[in-house]
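Listing of my_file.csv, CSV, C-alpha atoms
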```
chain,number,residue,atom,x,y,z
H,1,MET,CA,167.0,14.0,-14.3
H,2,GLU,CA,170.1,16.1,-13.7
H,3,GLN,CA,171.0,18.8,-16.2
H,4,MET,CA,174.7,17.9,-16.5
H,5,PRO,CA,174.5,14.4,-17.9
H,6,ARG,CA,172.1,15.4,-20.6
H,7,ALA,CA,174.3,18.3,-21.8
H,8,ALA,CA,177.3,16.0,-22.0
H,9,VAL,CA,175.4,13.5,-24.1
H,10,ASP,CA,173.5,15.8,-26.6
H,11,PRO,CA,176.5,16.2,-29.0
H,12,LEU,CA,176.8,12.5,-29.2
H,13,VAL,CA,173.2,12.2,-30.1
H,14,VAL,CA,173.4,14.9,-32.8
H,15,GLY,CA,176.6,13.4,-34.1
H,16,GLY,CA,175.0,10.0,-34.4
H,17,VAL,CA,177.5,8.4,-32.0
H,18,ILE,CA,174.6,7.3,-29.9
H,19,GLY,CA,172.8,5.0,-32.3
H,20,ASP,CA,175.7,4.1,-34.6
H,21,VAL,CA,178.2,3.0,-31.9
H,22,VAL,CA,176.6,2.9,-28.5
H,23,ASP,CA,173.2,3.1,-26.9
H,24,MET,CA,172.0,6.0,-24.7
H,25,PHE,CA,173.9,6.1,-21.4
H,26,VAL,CA,174.3,8.2,-18.3
H,27,PRO,CA,177.9,9.6,-18.2
H,28,ALA,CA,179.8,8.6,-15.1
H,29,ALA,CA,183.2,9.8,-16.2
H,30,ASP,CA,184.9,12.6,-18.1
H,31,LEU,CA,187.3,12.3,-21.0
H,32,SER,CA,190.0,14.8,-21.6
H,33,LEU,CA,191.5,14.5,-25.1
H,34,HIS,CA,194.7,16.1,-26.4
H,35,TYR,CA,196.7,15.6,-29.6
H,36,GLY,CA,199.8,17.5,-28.9
H,37,THR,CA,198.7,20.8,-27.6
H,38,LYS,CA,195.3,20.6,-29.3
H,39,HIS,CA,192.5,20.0,-26.9
H,40,LEU,CA,189.6,18.3,-28.6
H,41,CYS,CA,185.9,18.5,-27.7
H,42,ASN,CA,183.0,16.7,-29.3
H,43,GLY,CA,182.7,17.2,-33.0
H,44,MET,CA,185.9,19.2,-33.4
H,45,GLU,CA,188.0,18.5,-36.5
H,46,ILE,CA,191.6,17.6,-36.7
H,47,ASN,CA,193.8,16.7,-39.7
H,48,PRO,CA,195.1,13.1,-39.9
H,49,HIS,CA,198.7,14.1,-39.7
H,50,SER,CA,198.1,15.8,-36.3
H,51,ALA,CA,196.5,12.6,-34.9
H,52,ALA,CA,199.1,10.1,-36.2
H,53,GLN,CA,200.4,9.4,-32.7
H,54,SER,CA,198.3,8.3,-29.8
H,55,PRO,CA,196.7,11.1,-27.9
H,56,ARG,CA,196.8,12.0,-24.2
H,57,LEU,CA,193.4,10.8,-23.0
H,58,LEU,CA,192.6,11.2,-19.3
H,59,ILE,CA,189.7,9.3,-17.7
H,60,THR,CA,188.3,10.7,-14.5
H,61,ALA,CA,185.2,9.6,-12.6
H,62,SER,CA,182.6,12.3,-12.5
H,63,VAL,CA,182.0,11.6,-8.8
H,64,PRO,CA,185.0,10.7,-6.7
H,65,VAL,CA,184.9,7.1,-5.5
H,66,PRO,CA,186.6,5.6,-2.5
H,67,THR,CA,188.0,2.6,-4.4
H,68,PRO,CA,189.0,3.8,-7.9
H,69,ASN,CA,187.9,1.7,-10.9
H,70,TYR,CA,189.8,0.5,-14.0
H,71,TYR,CA,188.5,1.6,-17.4
H,72,THR,CA,188.5,0.1,-20.9
H,73,LEU,CA,189.0,2.5,-23.8
H,74,VAL,CA,187.7,1.7,-27.3
H,75,MET,CA,188.4,4.0,-30.3
H,76,VAL,CA,186.5,3.3,-33.5
H,77,ASP,CA,185.7,4.8,-36.8
H,78,PRO,CA,182.0,4.0,-37.7
H,79,ASP,CA,182.4,5.6,-41.1
H,80,ALA,CA,184.8,3.2,-42.7
H,81,PRO,CA,185.5,3.1,-45.5
H,82,SER,CA,183.2,6.0,-46.3
H,83,PRO,CA,180.3,7.7,-44.4
H,84,SER,CA,177.9,6.9,-47.2
H,85,GLU,CA,178.8,3.2,-47.3
H,86,PRO,CA,180.3,2.3,-43.9
H,87,THR,CA,180.5,-1.5,-44.6
H,88,PHE,CA,183.6,-1.8,-42.5
H,89,ARG,CA,181.8,-0.3,-39.5
H,90,GLU,CA,183.4,-0.2,-37.0
H,91,TRP,CA,187.1,0.1,-37.8
H,92,LEU,CA,189.0,-0.5,-34.6
H,93,HIS,CA,191.7,2.1,-34.0
H,94,TRP,CA,192.7,1.5,-30.4
H,95,LEU,CA,191.8,-0.8,-27.6
H,96,VAL,CA,193.2,-0.4,-24.1
H,97,ILE,CA,192.1,-2.1,-20.9
H,98,ASP,CA,192.9,-1.7,-17.2
H,99,ILE,CA,193.4,2.0,-17.3
H,100,PRO,CA,193.5,3.2,-13.6
H,101,GLU,CA,190.9,5.9,-12.9
H,102,GLY,CA,192.3,9.3,-13.0
H,103,SER,CA,195.2,8.4,-15.4
H,104,ASP,CA,196.1,8.5,-19.0
H,105,ALA,CA,195.2,5.7,-21.4
H,106,SER,CA,198.9,5.0,-21.8
H,107,GLU,CA,198.9,3.6,-18.3
H,108,GLY,CA,196.6,0.8,-19.3
H,109,LYS,CA,197.2,-2.4,-21.2
H,110,GLU,CA,197.1,-2.0,-25.0
H,111,VAL,CA,195.2,-4.8,-26.7
H,112,MET,CA,195.1,-3.3,-30.1
H,113,GLU,CA,197.8,-0.8,-31.0
H,114,TYR,CA,196.8,2.8,-31.8
H,115,MET,CA,196.3,3.6,-35.4
H,116,GLY,CA,195.7,7.2,-36.4
H,117,PRO,CA,192.9,8.3,-38.7
H,118,GLN,CA,193.5,7.9,-42.4
H,119,PRO,CA,190.0,8.4,-43.9
H,120,PRO,CA,190.2,7.5,-47.6
H,121,THR,CA,187.1,9.6,-48.4
H,122,GLY,CA,184.6,11.8,-46.7
H,123,ILE,CA,184.5,13.1,-43.2
H,124,HIS,CA,184.8,10.3,-40.6
H,125,ARG,CA,183.9,10.4,-37.0
H,126,TYR,CA,186.5,8.9,-34.6
H,127,VAL,CA,184.8,7.8,-31.4
H,128,PHE,CA,186.3,7.1,-28.0
H,129,VAL,CA,184.2,5.1,-25.6
H,130,ALA,CA,185.2,4.4,-22.0
H,131,PHE,CA,183.7,1.6,-20.0
H,132,LYS,CA,184.1,1.2,-16.2
H,133,GLN,CA,185.4,-2.3,-15.4
H,134,ASN,CA,184.2,-4.3,-12.5
H,135,SER,CA,187.8,-5.5,-11.8
H,136,LEU,CA,191.2,-5.8,-13.4
H,137,MET,CA,190.7,-7.6,-16.7
H,138,GLU,CA,194.3,-8.4,-17.9
H,139,THR,CA,192.8,-9.9,-21.0
H,140,VAL,CA,189.7,-9.8,-23.2
H,141,ARG,CA,187.3,-12.6,-24.2
H,142,ARG,CA,188.2,-12.6,-27.8
H,143,ARG,CA,191.3,-10.7,-28.8
H,144,PRO,CA,190.5,-8.8,-32.1
H,145,VAL,CA,192.8,-9.8,-34.9
H,146,GLU,CA,191.3,-7.7,-37.7
H,147,ARG,CA,190.4,-4.0,-37.3
H,148,GLY,CA,187.4,-4.1,-39.6
H,149,GLN,CA,183.9,-4.8,-38.5
H,150,PHE,CA,184.5,-4.5,-34.8
H,151,ASN,CA,181.4,-4.1,-32.7
H,152,THR,CA,181.7,-2.0,-29.6
H,153,ARG,CA,178.3,-3.1,-28.2
H,154,GLN,CA,179.2,-6.7,-28.7
H,155,PHE,CA,182.7,-6.3,-27.2
H,156,ALA,CA,181.2,-4.6,-24.1
H,157,SER,CA,178.6,-7.4,-23.7
H,158,GLU,CA,181.2,-10.1,-24.1
H,159,ASN,CA,183.4,-8.6,-21.4
H,160,ASP,CA,180.6,-7.7,-19.0
H,161,LEU,CA,181.4,-4.0,-19.3
H,162,GLY,CA,177.8,-2.7,-19.4
H,163,LEU,CA,176.9,0.7,-20.8
H,164,PRO,CA,179.6,3.3,-21.4
H,165,ALA,CA,180.9,5.6,-18.7
H,166,ALA,CA,181.9,8.3,-21.2
H,167,ALA,CA,182.2,8.9,-24.9
H,168,LEU,CA,183.8,11.6,-27.1
H,169,TYR,CA,184.3,12.0,-30.8
H,170,PHE,CA,186.2,14.1,-33.3
H,171,ASN,CA,186.1,14.4,-37.1
H,172,SER,CA,188.8,14.0,-39.6
H,173,GLN,CA,189.1,14.0,-43.4
H,174,LYS,CA,191.8,13.4,-45.9
H,175,GLN,CA,193.9,16.5,-46.7
H,176,PRO,CA,194.1,17.7,-50.3
H,177,ALA,CA,197.2,16.6,-52.1
H,178,GLY,CA,198.7,20.1,-51.9
H,179,ASN,CA,199.1,19.8,-48.2
H,180,LYS,CA,201.0,16.5,-48.3
H,181,LYS,CA,202.1,15.7,-44.8
H,182,HIS,CA,205.6,14.6,-45.7
Y,1,MET,CA,223.0,-2.7,-99.1
Y,2,GLY,CA,222.0,0.9,-98.8
Y,3,PHE,CA,218.4,0.0,-99.6
Y,4,SER,CA,218.1,-2.7,-97.0
Y,5,TRP,CA,219.5,-0.4,-94.3
Y,6,PHE,CA,217.0,2.2,-95.2
Y,7,LEU,CA,214.2,-0.5,-95.2
Y,8,LEU,CA,215.2,-1.7,-91.7
Y,9,LEU,CA,215.2,1.9,-90.4
Y,10,PHE,CA,211.9,2.6,-92.0
Y,11,ILE,CA,210.3,-0.6,-90.5
Y,12,THR,CA,211.7,0.2,-87.0
Y,13,LEU,CA,210.4,3.8,-87.2
Y,14,PHE,CA,207.0,2.5,-88.5
Y,15,PHE,CA,206.5,0.2,-85.6
Y,16,GLN,CA,207.7,2.8,-83.1
Y,17,PHE,CA,205.0,5.0,-84.5
Y,18,ILE,CA,202.1,2.6,-84.3
Y,19,ASP,CA,203.0,1.0,-80.9
Y,20,PRO,CA,205.2,3.1,-78.7
Y,21,THR,CA,205.3,0.5,-75.9
Y,22,LEU,CA,207.5,-1.6,-78.1
Y,23,SER,CA,210.2,0.8,-77.3
Y,24,ALA,CA,212.0,0.5,-73.9
Y,25,ASN,CA,210.9,4.0,-72.9
Y,26,GLY,CA,207.2,3.5,-73.7
Y,27,ASN,CA,206.0,2.5,-70.3
Y,28,SER,CA,208.7,4.2,-68.2
Y,29,ASP,CA,206.7,7.4,-68.4
Y,30,LEU,CA,203.6,5.8,-66.9
Y,31,ILE,CA,205.7,4.2,-64.1
Y,32,GLN,CA,207.5,7.5,-63.4
Y,33,GLN,CA,204.2,9.5,-63.4
Y,34,THR,CA,202.6,6.9,-61.1
Y,35,CYS,CA,205.5,6.7,-58.7
Y,36,LYS,CA,206.2,10.3,-58.3
Y,37,ASN,CA,203.1,10.8,-56.1
Y,38,THR,CA,204.2,8.0,-53.8
Y,39,LYS,CA,206.2,8.3,-50.6
Y,40,TYR,CA,209.1,6.1,-51.8
Y,41,TYR,CA,209.7,6.9,-55.5
Y,42,ASP,CA,212.8,4.7,-55.9
Y,43,LEU,CA,211.2,1.7,-54.3
Y,44,CYS,CA,208.1,2.2,-56.4
Y,45,VAL,CA,210.0,2.4,-59.7
Y,46,SER,CA,212.4,-0.5,-58.9
Y,47,SER,CA,209.6,-2.8,-57.7
Y,48,LEU,CA,207.4,-2.1,-60.7
Y,49,LYS,CA,210.2,-2.5,-63.2
Y,50,SER,CA,211.3,-5.8,-61.6
Y,51,ASP,CA,207.9,-7.2,-62.6
Y,52,SER,CA,207.8,-7.9,-66.3
Y,53,SER,CA,204.1,-7.4,-66.6
Y,54,SER,CA,204.6,-3.7,-65.7
Y,55,LEU,CA,205.7,-3.2,-69.3
Y,56,LYS,CA,202.3,-4.2,-70.5
Y,57,ALA,CA,200.4,-2.2,-67.9
Y,58,ASP,CA,198.5,0.6,-69.5
Y,59,SER,CA,197.0,2.3,-66.5
Y,60,LYS,CA,197.8,3.3,-62.9
Y,61,LEU,CA,195.3,0.7,-61.8
Y,62,GLY,CA,197.4,-2.0,-63.4
Y,63,LEU,CA,200.5,-0.7,-61.7
Y,64,ALA,CA,198.6,-0.6,-58.4
Y,65,LEU,CA,197.7,-4.3,-58.8
Y,66,ILE,CA,201.4,-5.1,-59.5
Y,67,MET,CA,202.5,-3.3,-56.5
Y,68,VAL,CA,200.0,-5.1,-54.3
Y,69,ARG,CA,201.4,-8.4,-55.7
Y,70,VAL,CA,204.9,-7.2,-54.7
Y,71,GLY,CA,203.6,-6.6,-51.2
Y,72,MET,CA,201.9,-10.0,-51.0
Y,73,ALA,CA,205.2,-11.7,-52.1
Y,74,ASN,CA,207.0,-9.7,-49.5
Y,75,ALA,CA,204.6,-10.6,-46.7
Y,76,THR,CA,204.6,-14.3,-47.7
Y,77,ALA,CA,208.4,-14.4,-47.8
Y,78,THR,CA,208.5,-12.9,-44.3
Y,79,ASN,CA,206.0,-15.5,-43.1
Y,80,SER,CA,208.1,-18.3,-44.5
Y,81,TYR,CA,211.3,-16.8,-43.0
Y,82,ILE,CA,209.7,-16.6,-39.6
Y,83,SER,CA,208.3,-20.1,-39.8
Y,84,SER,CA,211.8,-21.5,-40.7
Y,85,GLN,CA,213.3,-19.6,-37.8
Y,86,ILE,CA,210.9,-21.2,-35.3
Y,87,LEU,CA,212.4,-24.5,-36.0
Y,88,SER,CA,215.8,-23.3,-34.8
Y,89,VAL,CA,214.7,-21.9,-31.5
Y,90,LYS,CA,216.5,-23.8,-28.8
Y,91,ASN,CA,216.0,-23.7,-25.0
Y,92,ASP,CA,212.6,-22.0,-25.2
Y,93,THR,CA,212.8,-20.4,-21.7
Y,94,ALA,CA,211.4,-17.1,-22.8
Y,95,PRO,CA,208.3,-17.7,-25.0
Y,96,MET,CA,210.2,-17.1,-28.2
Y,97,ARG,CA,208.4,-19.8,-30.2
Y,98,LYS,CA,205.0,-18.5,-29.1
Y,99,VAL,CA,205.9,-15.0,-30.2
Y,100,MET,CA,207.4,-16.1,-33.5
Y,101,ARG,CA,204.3,-18.1,-34.3
Y,102,GLU,CA,202.2,-15.0,-33.6
Y,103,CYS,CA,204.4,-13.0,-35.9
Y,104,ALA,CA,204.2,-15.6,-38.6
Y,105,ASP,CA,200.4,-15.3,-38.3
Y,106,LYS,CA,200.5,-11.5,-38.6
Y,107,TYR,CA,202.4,-11.6,-41.8
Y,108,ALA,CA,200.0,-14.2,-43.2
Y,109,PHE,CA,197.1,-11.8,-42.3
Y,110,ALA,CA,199.0,-9.0,-44.0
Y,111,ASN,CA,199.1,-11.1,-47.1
Y,112,ASP,CA,195.4,-11.8,-46.8
Y,113,ALA,CA,194.6,-8.1,-46.4
Y,114,LEU,CA,196.5,-7.3,-49.5
Y,115,GLN,CA,194.7,-10.1,-51.3
Y,116,ASN,CA,191.4,-8.6,-50.3
Y,117,SER,CA,192.4,-5.2,-51.7
Y,118,VAL,CA,192.9,-6.8,-55.2
Y,119,GLN,CA,189.3,-7.5,-55.6
Y,120,ASP,CA,188.3,-4.1,-54.5
Y,121,LEU,CA,190.8,-2.4,-56.8
Y,122,SER,CA,189.5,-4.4,-59.8
Y,123,SER,CA,186.0,-3.4,-58.9
Y,124,GLU,CA,187.1,0.3,-58.6
Y,125,LEU,CA,186.1,0.3,-54.9
Y,126,TYR,CA,189.2,2.4,-54.1
Y,127,ASP,CA,188.3,3.4,-50.5
Y,128,TYR,CA,187.7,-0.2,-49.5
Y,129,ALA,CA,191.0,-1.2,-51.1
Y,130,TYR,CA,192.7,1.6,-49.2
Y,131,MET,CA,191.6,0.3,-45.9
Y,132,HIS,CA,192.7,-3.2,-46.6
Y,133,VAL,CA,196.1,-1.9,-47.5
Y,134,MET,CA,196.2,0.1,-44.3
Y,135,ALA,CA,195.4,-3.0,-42.3
Y,136,ALA,CA,198.2,-4.9,-44.1
Y,137,ALA,CA,200.6,-2.1,-43.2
Y,138,ASP,CA,199.5,-2.4,-39.6
Y,139,TYR,CA,200.0,-6.1,-39.0
Y,140,PRO,CA,203.9,-5.8,-38.7
Y,141,ASN,CA,203.2,-3.6,-35.7
Y,142,ALA,CA,201.4,-6.4,-34.0
Y,143,CYS,CA,204.5,-8.6,-34.4
Y,144,ARG,CA,206.8,-6.0,-32.9
Y,145,ASN,CA,204.4,-5.5,-30.0
Y,146,ALA,CA,204.3,-9.2,-29.4
Y,147,PHE,CA,208.0,-9.0,-28.7
Y,148,LYS,CA,207.6,-5.9,-26.5
Y,149,ARG,CA,205.3,-7.9,-24.2
Y,150,TYR,CA,208.2,-10.0,-23.0
Y,151,PRO,CA,211.1,-7.9,-21.6
Y,152,GLY,CA,213.5,-10.8,-22.0
Y,153,LEU,CA,213.0,-11.0,-25.8
Y,154,VAL,CA,214.8,-8.8,-28.3
Y,155,TYR,CA,213.0,-7.8,-31.5
Y,156,PRO,CA,215.3,-9.3,-34.2
Y,157,GLN,CA,216.9,-6.8,-36.5
Y,158,GLU,CA,216.0,-9.0,-39.4
Y,159,LEU,CA,212.3,-8.6,-38.5
Y,160,ALA,CA,212.7,-4.9,-38.1
Y,161,VAL,CA,214.1,-4.6,-41.6
Y,162,ARG,CA,211.3,-6.8,-43.0
Y,163,GLU,CA,208.7,-4.7,-41.0
Y,164,GLU,CA,209.9,-1.6,-42.6
Y,165,GLY,CA,210.1,-3.2,-46.1
Y,166,LEU,CA,206.4,-4.2,-46.0
Y,167,LYS,CA,205.3,-0.9,-44.6
Y,168,HIS,CA,207.1,1.0,-47.3
Y,169,ILE,CA,205.6,-1.1,-50.0
Y,170,CYS,CA,202.1,-0.5,-48.5
Y,171,ASP,CA,202.8,3.2,-48.4
Y,172,VAL,CA,203.6,3.1,-52.1
Y,173,VAL,CA,200.3,1.3,-52.8
Y,174,LEU,CA,198.4,3.8,-50.9
Y,175,GLY,CA,200.1,6.6,-52.8
Y,176,ILE,CA,199.1,5.0,-56.1
Y,177,ILE,CA,195.5,4.4,-55.0
Y,178,ASP,CA,195.4,8.1,-53.9
Y,179,ALA,CA,196.1,9.1,-57.5
Y,180,LEU,CA,193.4,6.8,-58.9
Y,181,GLY,CA,191.1,9.7,-58.2
Y,182,PHE,CA,188.3,8.8,-55.8
```
As structure tokens, how would this structure be written, given the file I've shared?
Amino acid sequence: MEQMPRAAVDPLVVGGVIGDVVDMFVPAADLSLHYGTKHLCNGMEINPHSAAQSPRLLITASVPVPTPNYYTLVMVDPDAPSPSEPTFREWLHWLVIDIPEGSDASEGKEVMEYMGPQPPTGIHRYVFVAFKQNSLMETVRRRPVERGQFNTRQFASENDLGLPAAALYFNSQKQPAGNKKH
Amino acid sequence: MGFSWFLLLFITLFFQFIDPTLSANGNSDLIQQTCKNTKYYDLCVSSLKSDSSSLKADSKLGLALIMVRVGMANATATNSYISSQILSVKNDTAPMRKVMRECADKYAFANDALQNSVQDLSSELYDYAYMHVMAAADYPNACRNAFKRYPGLVYPQELAVREEGLKHICDVVLGIIDALGF
């Protein structure tokens, strides 16, 4: 087994992303996440105010392919409403399909609008999962109406997306009242 | 005559002493205190005062519940407004009716989400309530986006105003819940 895929996946195991949101997978793509000028790697923390608008999220195939694929991006909070009692798991924050390989998520088709983190209590994980599509989807099997109790695994299965191509997560928590955003 | 005047004054002061809420100012303090931590102070105060039960509310929780009711009425009113507008759509060349129906649904969902928060608030499950209110505040976005999907359609100003109205009410509720100390 190659060294690289394992190293890319370990933080996801430690962070519980593998298990709580997705199953073990072999990464086939890279995610590059920026909120404003801040570049986020696995497990980094950002305050909700800084993540209020959708980020720049670039999806690139690990190995160049002759015919580029489209990707689906899911962003969920598995710790809603609180990490100790996540009964709303998963809270869907963003769903974009048909993202051309090598481009930003904004080039895809937004199925569920971006909603920034607003964790009521505790430190929440915000997980991005990218799936390689077999073809242009244009629509999803069942368009989610509610954000709560979304199931990434089930969504992937319903839409024949298979295992993830990449995943990335960051942490966020409510800021103390003294640092009120507005 | 002097004696009865004195008696009247005495009785008034007596009742003022034993039940301060009988005075007009009694509950204003609670409303002011509760509202000052919210994003839209004036909206908070005027909405609460417009509901007669706010005079009897003796806790921030009571005021939170009133504000949620204000939000529900607002969402329901918008749903009714949109439904009535659908009937007057002529020459449905662009899919105006379809989009309006979708919007009516979204505002109905917003009402449902707020209804869900009532139970959680009453059970002191503040973080659950918080997320329901967040969801309610997000539904108007889905309506706006429905319009954006069709370049030929213009998002009506009236809906934009109502979108902002509901979002502001929800922001006030979130502010009150924040102060409920979880």
Point to revise | Selection near stretch 21-27 of chain H, 10 Å with all atoms listed in the file, sequence-local residues under 3 positions removed, as a ChimeraX atom specification | key: /H:4-6,8-9,12-13,16-18,30,61-62,76-78,89-90,127-130,151-154,156,162-167
Exercise for review: Figure out the distance between atom CA of Y:Val118 and atom CA of Y:Ala136, please, to one decimal in Å.
Suggested key: 12.4 Å
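The gap separating atom CA of Y:Met67 from atom CA of Y:Ala129 is 12.9 Å, in Å to one decimal.
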Show me which bits of chain H are within 12 Å of chain Y, counting all atoms listed in the file, as a PDB file with C-alpha atoms, in the frame of the given file.
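After the write, out31.pdb holds the following:
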```pdb
ATOM      1  CA  ASP H  77     185.700   4.800 -36.800  1.00  0.00           C
ATOM      2  CA  ASP H  79     182.400   5.600 -41.100  1.00  0.00           C
ATOM      3  CA  ALA H  80     184.800   3.200 -42.700  1.00  0.00           C
ATOM      4  CA  PRO H  81     185.500   3.100 -45.500  1.00  0.00           C
ATOM      5  CA  SER H  82     183.200   6.000 -46.300  1.00  0.00           C
ATOM      6  CA  PRO H  83     180.300   7.700 -44.400  1.00  0.00           C
ATOM      7  CA  SER H  84     177.900   6.900 -47.200  1.00  0.00           C
ATOM      8  CA  GLU H  85     178.800   3.200 -47.300  1.00  0.00           C
ATOM      9  CA  PRO H  86     180.300   2.300 -43.900  1.00  0.00           C
ATOM     10  CA  THR H  87     180.500  -1.500 -44.600  1.00  0.00           C
ATOM     11  CA  PHE H  88     183.600  -1.800 -42.500  1.00  0.00           C
ATOM     12  CA  ARG H  89     181.800  -0.300 -39.500  1.00  0.00           C
ATOM     13  CA  TRP H  91     187.100   0.100 -37.800  1.00  0.00           C
ATOM     14  CA  LEU H  92     189.000  -0.500 -34.600  1.00  0.00           C
ATOM     15  CA  HIS H  93     191.700   2.100 -34.000  1.00  0.00           C
ATOM     16  CA  LYS H 109     197.200  -2.400 -21.200  1.00  0.00           C
ATOM     17  CA  GLU H 110     197.100  -2.000 -25.000  1.00  0.00           C
ATOM     18  CA  VAL H 111     195.200  -4.800 -26.700  1.00  0.00           C
ATOM     19  CA  MET H 112     195.100  -3.300 -30.100  1.00  0.00           C
ATOM     20  CA  GLU H 113     197.800  -0.800 -31.000  1.00  0.00           C
ATOM     21  CA  TYR H 114     196.800   2.800 -31.800  1.00  0.00           C
ATOM     22  CA  MET H 115     196.300   3.600 -35.400  1.00  0.00           C
ATOM     23  CA  GLY H 116     195.700   7.200 -36.400  1.00  0.00           C
ATOM     24  CA  PRO H 117     192.900   8.300 -38.700  1.00  0.00           C
ATOM     25  CA  GLN H 118     193.500   7.900 -42.400  1.00  0.00           C
ATOM     26  CA  PRO H 119     190.000   8.400 -43.900  1.00  0.00           C
ATOM     27  CA  PRO H 120     190.200   7.500 -47.600  1.00  0.00           C
ATOM     28  CA  THR H 121     187.100   9.600 -48.400  1.00  0.00           C
ATOM     29  CA  GLY H 122     184.600  11.800 -46.700  1.00  0.00           C
ATOM     30  CA  PRO H 144     190.500  -8.800 -32.100  1.00  0.00           C
ATOM     31  CA  VAL H 145     192.800  -9.800 -34.900  1.00  0.00           C
ATOM     32  CA  GLU H 146     191.300  -7.700 -37.700  1.00  0.00           C
ATOM     33  CA  ARG H 147     190.400  -4.000 -37.300  1.00  0.00           C
ATOM     34  CA  GLY H 148     187.400  -4.100 -39.600  1.00  0.00           C
ATOM     35  CA  GLN H 149     183.900  -4.800 -38.500  1.00  0.00           C
ATOM     36  CA  LYS H 174     191.800  13.400 -45.900  1.00  0.00           C
ATOM     37  CA  GLN H 175     193.900  16.500 -46.700  1.00  0.00           C
ATOM     38  CA  PRO H 176     194.100  17.700 -50.300  1.00  0.00           C
ATOM     39  CA  ALA H 177     197.200  16.600 -52.100  1.00  0.00           C
ATOM     40  CA  GLY H 178     198.700  20.100 -51.900  1.00  0.00           C
ATOM     41  CA  LYS H 180     201.000  16.500 -48.300  1.00  0.00           C
ATOM     42  CA  LYS H 181     202.100  15.700 -44.800  1.00  0.00           C
ATOM     43  CA  HIS H 182     205.600  14.600 -45.700  1.00  0.00           C
TER      44      HIS H 182
END
```
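Taking atom CA of H:Thr72 as the reference point, atom CA of H:Phe155 is found at 10.7 Å.
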Please supply stretch 110-121 of chain Y, rebuilt with N, CA, C and O atoms, as a PDB file, in the frame of the given file.
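Writing done, so here's part-v9.pdb:
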```pdb
ATOM      1  N   ALA Y 110     198.621 -10.123 -43.135  1.00  0.00           N
ATOM      2  CA  ALA Y 110     199.000  -9.000 -44.000  1.00  0.00           C
ATOM      3  C   ALA Y 110     198.800  -9.386 -45.463  1.00  0.00           C
ATOM      4  O   ALA Y 110     198.277  -8.627 -46.279  1.00  0.00           O
ATOM      5  N   ASN Y 111     199.252 -10.581 -45.790  1.00  0.00           N
ATOM      6  CA  ASN Y 111     199.100 -11.100 -47.100  1.00  0.00           C
ATOM      7  C   ASN Y 111     197.612 -11.187 -47.500  1.00  0.00           C
ATOM      8  O   ASN Y 111     197.191 -10.785 -48.592  1.00  0.00           O
ATOM      9  N   ASP Y 112     196.802 -11.705 -46.570  1.00  0.00           N
ATOM     10  CA  ASP Y 112     195.400 -11.800 -46.800  1.00  0.00           C
ATOM     11  C   ASP Y 112     194.721 -10.454 -47.048  1.00  0.00           C
ATOM     12  O   ASP Y 112     193.864 -10.312 -47.917  1.00  0.00           O
ATOM     13  N   ALA Y 113     195.129  -9.489 -46.237  1.00  0.00           N
ATOM     14  CA  ALA Y 113     194.600  -8.100 -46.400  1.00  0.00           C
ATOM     15  C   ALA Y 113     194.860  -7.580 -47.762  1.00  0.00           C
ATOM     16  O   ALA Y 113     194.008  -6.969 -48.409  1.00  0.00           O
ATOM     17  N   LEU Y 114     196.100  -7.790 -48.215  1.00  0.00           N
ATOM     18  CA  LEU Y 114     196.500  -7.300 -49.500  1.00  0.00           C
ATOM     19  C   LEU Y 114     195.671  -8.033 -50.621  1.00  0.00           C
ATOM     20  O   LEU Y 114     195.230  -7.443 -51.602  1.00  0.00           O
ATOM     21  N   GLN Y 115     195.477  -9.330 -50.407  1.00  0.00           N
ATOM     22  CA  GLN Y 115     194.700 -10.100 -51.300  1.00  0.00           C
ATOM     23  C   GLN Y 115     193.257  -9.535 -51.439  1.00  0.00           C
ATOM     24  O   GLN Y 115     192.693  -9.416 -52.525  1.00  0.00           O
ATOM     25  N   ASN Y 116     192.714  -9.155 -50.287  1.00  0.00           N
ATOM     26  CA  ASN Y 116     191.400  -8.600 -50.300  1.00  0.00           C
ATOM     27  C   ASN Y 116     191.326  -7.256 -51.054  1.00  0.00           C
ATOM     28  O   ASN Y 116     190.314  -6.922 -51.669  1.00  0.00           O
ATOM     29  N   SER Y 117     192.432  -6.532 -51.047  1.00  0.00           N
ATOM     30  CA  SER Y 117     192.400  -5.200 -51.700  1.00  0.00           C
ATOM     31  C   SER Y 117     192.393  -5.426 -53.260  1.00  0.00           C
ATOM     32  O   SER Y 117     191.922  -4.548 -53.983  1.00  0.00           O
ATOM     33  N   VAL Y 118     192.899  -6.561 -53.732  1.00  0.00           N
ATOM     34  CA  VAL Y 118     192.900  -6.800 -55.200  1.00  0.00           C
ATOM     35  C   VAL Y 118     191.547  -6.776 -55.792  1.00  0.00           C
ATOM     36  O   VAL Y 118     191.291  -6.112 -56.793  1.00  0.00           O
ATOM     37  N   GLN Y 119     190.629  -7.498 -55.119  1.00  0.00           N
ATOM     38  CA  GLN Y 119     189.300  -7.500 -55.600  1.00  0.00           C
ATOM     39  C   GLN Y 119     188.635  -6.154 -55.664  1.00  0.00           C
ATOM     40  O   GLN Y 119     187.977  -5.780 -56.628  1.00  0.00           O
ATOM     41  N   ASP Y 120     188.858  -5.415 -54.564  1.00  0.00           N
ATOM     42  CA  ASP Y 120     188.300  -4.100 -54.500  1.00  0.00           C
ATOM     43  C   ASP Y 120     188.850  -3.150 -55.542  1.00  0.00           C
ATOM     44  O   ASP Y 120     188.145  -2.346 -56.139  1.00  0.00           O
ATOM     45  N   LEU Y 121     190.159  -3.263 -55.780  1.00  0.00           N
ATOM     46  CA  LEU Y 121     190.800  -2.400 -56.800  1.00  0.00           C
ATOM     47  C   LEU Y 121     190.204  -2.734 -58.167  1.00  0.00           C
ATOM     48  O   LEU Y 121     189.880  -1.835 -58.944  1.00  0.00           O
TER      49      LEU Y 121
END
```
